[in-house]
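Q: Below you'll find the structure I mean.
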Amino acid sequence: MPPKPVPAWLNSSAWASKPRSPVRSSYSFKEISTVQRETTSAPPVGEIDGQEEKDPSSSSSGGGSVRGAVTHQQTATLTTQARGNGRGTSSQQLSRRRIHLAELQRLSSQGIPDSGSIRPISWKILLGYLPKNQDDWATELAKKRAEYMIFRDEMIINPSEVTRRKEEMEAMKAADMEAKEGLLLRQEITHDDHPLSLGTTSVWHQFFQDTELAEQINRDVKRTHPDMDFFCGDTAYACENQEALKRILFIFAKLNPGIRYVQGMNEVLAPLYYVFKTDRDDTDGAHAEEDSFFCFVELLSDFRDHFCQQLDNSAVGIRSTIAQLTALLRRHDEELWRHLEYTSKVNPQFYAFRWITLLLTQEFSFFDSIRLWDSLLSNPDGPLEILLRVCCAMLLCQRSRLLAGDFTTNLKLLQHYPAIDIQHLLWVADDLRG
């Protein structure tokens, strides 16, 4: 039996090209297989922090000052070298029927192209939602998507519908007994299903609790990226996307009663849903809700303890993670750490709490965050490890301004992080590895 043909996206030379801006209507999925290999030029690197290249103090002390002041020319050179080194083996590795995960991680860390279905499929593999064996994809997707629809049917339901179903079942039982015994037995009357019932087992009691949860989720979802028509607006498309986000978060909360829903989860879900919904493959795009749910669960498995208030002071809580960030900064630039800790006295919780819990989705533009997530999701040591390095790199890249600032200016700077070239930031973070 001849082997199945390898999907075109795996052989695409688009892996060796600079990622385009997301959702280009002029680029179709069919074009991927016809893209010709060509020499890739270094991506343009924007201005980062002019003071860092001009201020001699930024390179006069501490190992972190050198890392934070990597020049734009160095960044462009390193980017070109990294992409050029993988050109000879990427097609060979990704042409395998069984995906070579390490190679996919390496390629994805350099930035996944926005064309076709490359990013949606890559993210699903990196998050463990799709198996590495391509022959199992169809079966696994069908099983997971059916499972999600069962969750929807069981958890998003009106109590009146529950009561109606119970009445139908009781009527069927009574009819069956009458047929067997010739008598219709008197049914016991219960008040548990009455809307005014105070019993904790009442379906109406649970319904009112769920209503409070749904209202909280609804408020947050409406505030998700208000500048994007994809998420907000009066169009049917935006409303459809909002409803999908609500259902995903509601079902997650019901399945995880220990955490339920915490404000900010909508921001973590948004990039996943956007990438899957804008998939060039219409079939997969139509199942973005189901796929986003399971990928959201996989992603939060590494960060769920940060959303649990009872674990804040534990070894796995958010405060412990913030302490790891400050230790990382101290190891690479003790002067900057000491200035923030003792001179300006900026508590890292004032800025790092949001950075870490929301996976930096609020610090950069939406599409820069997606590029950043390519590296987060592809990190062999897990997303938290590289997330801490990126957060530390953010501090190092603003070193000169932070050393010159007091509490007020530094807090404002870190809570409203200035625009920066994401590729440069990732190179600084990569230099902190090990």
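If you're wondering about the labels, chains in the structure tokens are A, B, ... by order shown, residues count from 1 in each chain, ligands from 1 in order shown.
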Mind checking which residues fall within 10 Å of range 389-393 of chain A, counting only C-alpha atoms, ignoring those fewer than 2 positions away in the same chain, and posting them as JSON, numbers by chain?

A: {"A": [64, 67, 68, 325, 326, 327, 328, 329, 330, 332, 333, 352, 355, 356, 359, 360, 372, 376, 384, 385, 386, 387, 395, 396, 397, 398, 399, 422, 424, 425, 426, 427, 428, 429, 430, 431, 432, 433]}

Q: I'd like the contact shell of range 268-274 of chain A - 7 Å cut-off, only C-alpha atoms, skipping same-chain residues fewer than 4 positions apart - returned as a list in words.

A: Gly264, Thr278, Ala288, Glu289, Ser292, Phe296, Leu358, Leu359 and Ile370 of chain A

Q: Using only C-alpha atoms for the distances, tell me which of A:Ser108, A:Ser369, A:Gln349, A:Ser375 is nearest to Leu414 in chain A.

A: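 Ranking A:Ser108, A:Ser369, A:Gln349, A:Ser375 by distance to Leu414 in chain A, first place goes to A:Gln349.
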
Q: Measure the distance from CA of Arg223 in chain A to CA of Cys308 in chain A in Å and round it to one decimal.

A: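 Between CA of Arg223 in chain A and CA of Cys308 in chain A the gap works out to 22.4 Å.
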
Q: I need the residue nearest Leu413 in chain A from this list: A:Leu377, A:Val316, A:Asp281, A:Arg401. Use only C-alpha atoms for the distance.

A: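 Of A:Leu377, A:Val316, A:Asp281, A:Arg401, the one nearest Leu413 in chain A is A:Arg401, counting only C-alpha atoms.
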
Q: Report as an MDAnalysis selection string all protein, DNA and RNA residues lying within 10 Å of His306 in chain A, evaluated on only C-alpha atoms, omitting residues in the same chain fewer than 5 positions from it.

A: chainID A and resid 259 300 311:312 316:321 353 356:358

Q: With distances taken over only C-alpha atoms, which residue among A:Leu388, A:Leu127, A:Ala286, A:Ala146 lies nearest Ala323 in chain A?

A: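 Result for the nearest residue to Ala323 in chain A: A:Leu388.
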
Q: Find the spatial neighbours of Phe231 in chain A, counting only C-alpha atoms, within a cut-off of 9 Å - ignore same-chain residues fewer than 6 positions away - and output them as number ranges by chain.

A: A: 221-225, 237-242, 270, 274

Q: Provide the CA of Leu403 in chain A to CA of His339 in chain A distance in Å, to one decimal place.

A: 6.5 Å

Q: Work out how far apart CA of Phe250 in chain A and CA of Asp227 in chain A are and give it in Å to one decimal.

A: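 A separation of 23.8 Å between them.
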
Q: Would you please work out which residue, of A:Glu267, A:Asp136, A:Asp374, A:Asp282, is nearest to Pro113 in chain A when using only C-alpha atoms?

A: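 Among the listed residues, A:Asp374 lies closest to Pro113 in chain A.
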
Q: Can you pull out every residue from range 299-356 of chain A that DSSP, working from the backbone, puts in alpha helix (DSSP H), and format the result as a PyMOL selection string?

A: chain A and resi 299-300+318-332+334-338+349-356

Q: Point out the residue among A:Gly258, A:Pro226, A:Gly285, A:Pro380 with the least atom-to-atom distance to Pro120 in chain A, counting only C-alpha atoms.

A: A:Gly285

Q: Counting only C-alpha atoms, figure out which residue out of A:Ser344, A:Gln105, A:Asp284, A:Leu141 gets nearest to Thr408 in chain A.

A: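 The shortest atom-to-atom distance to Thr408 in chain A comes from A:Ser344.
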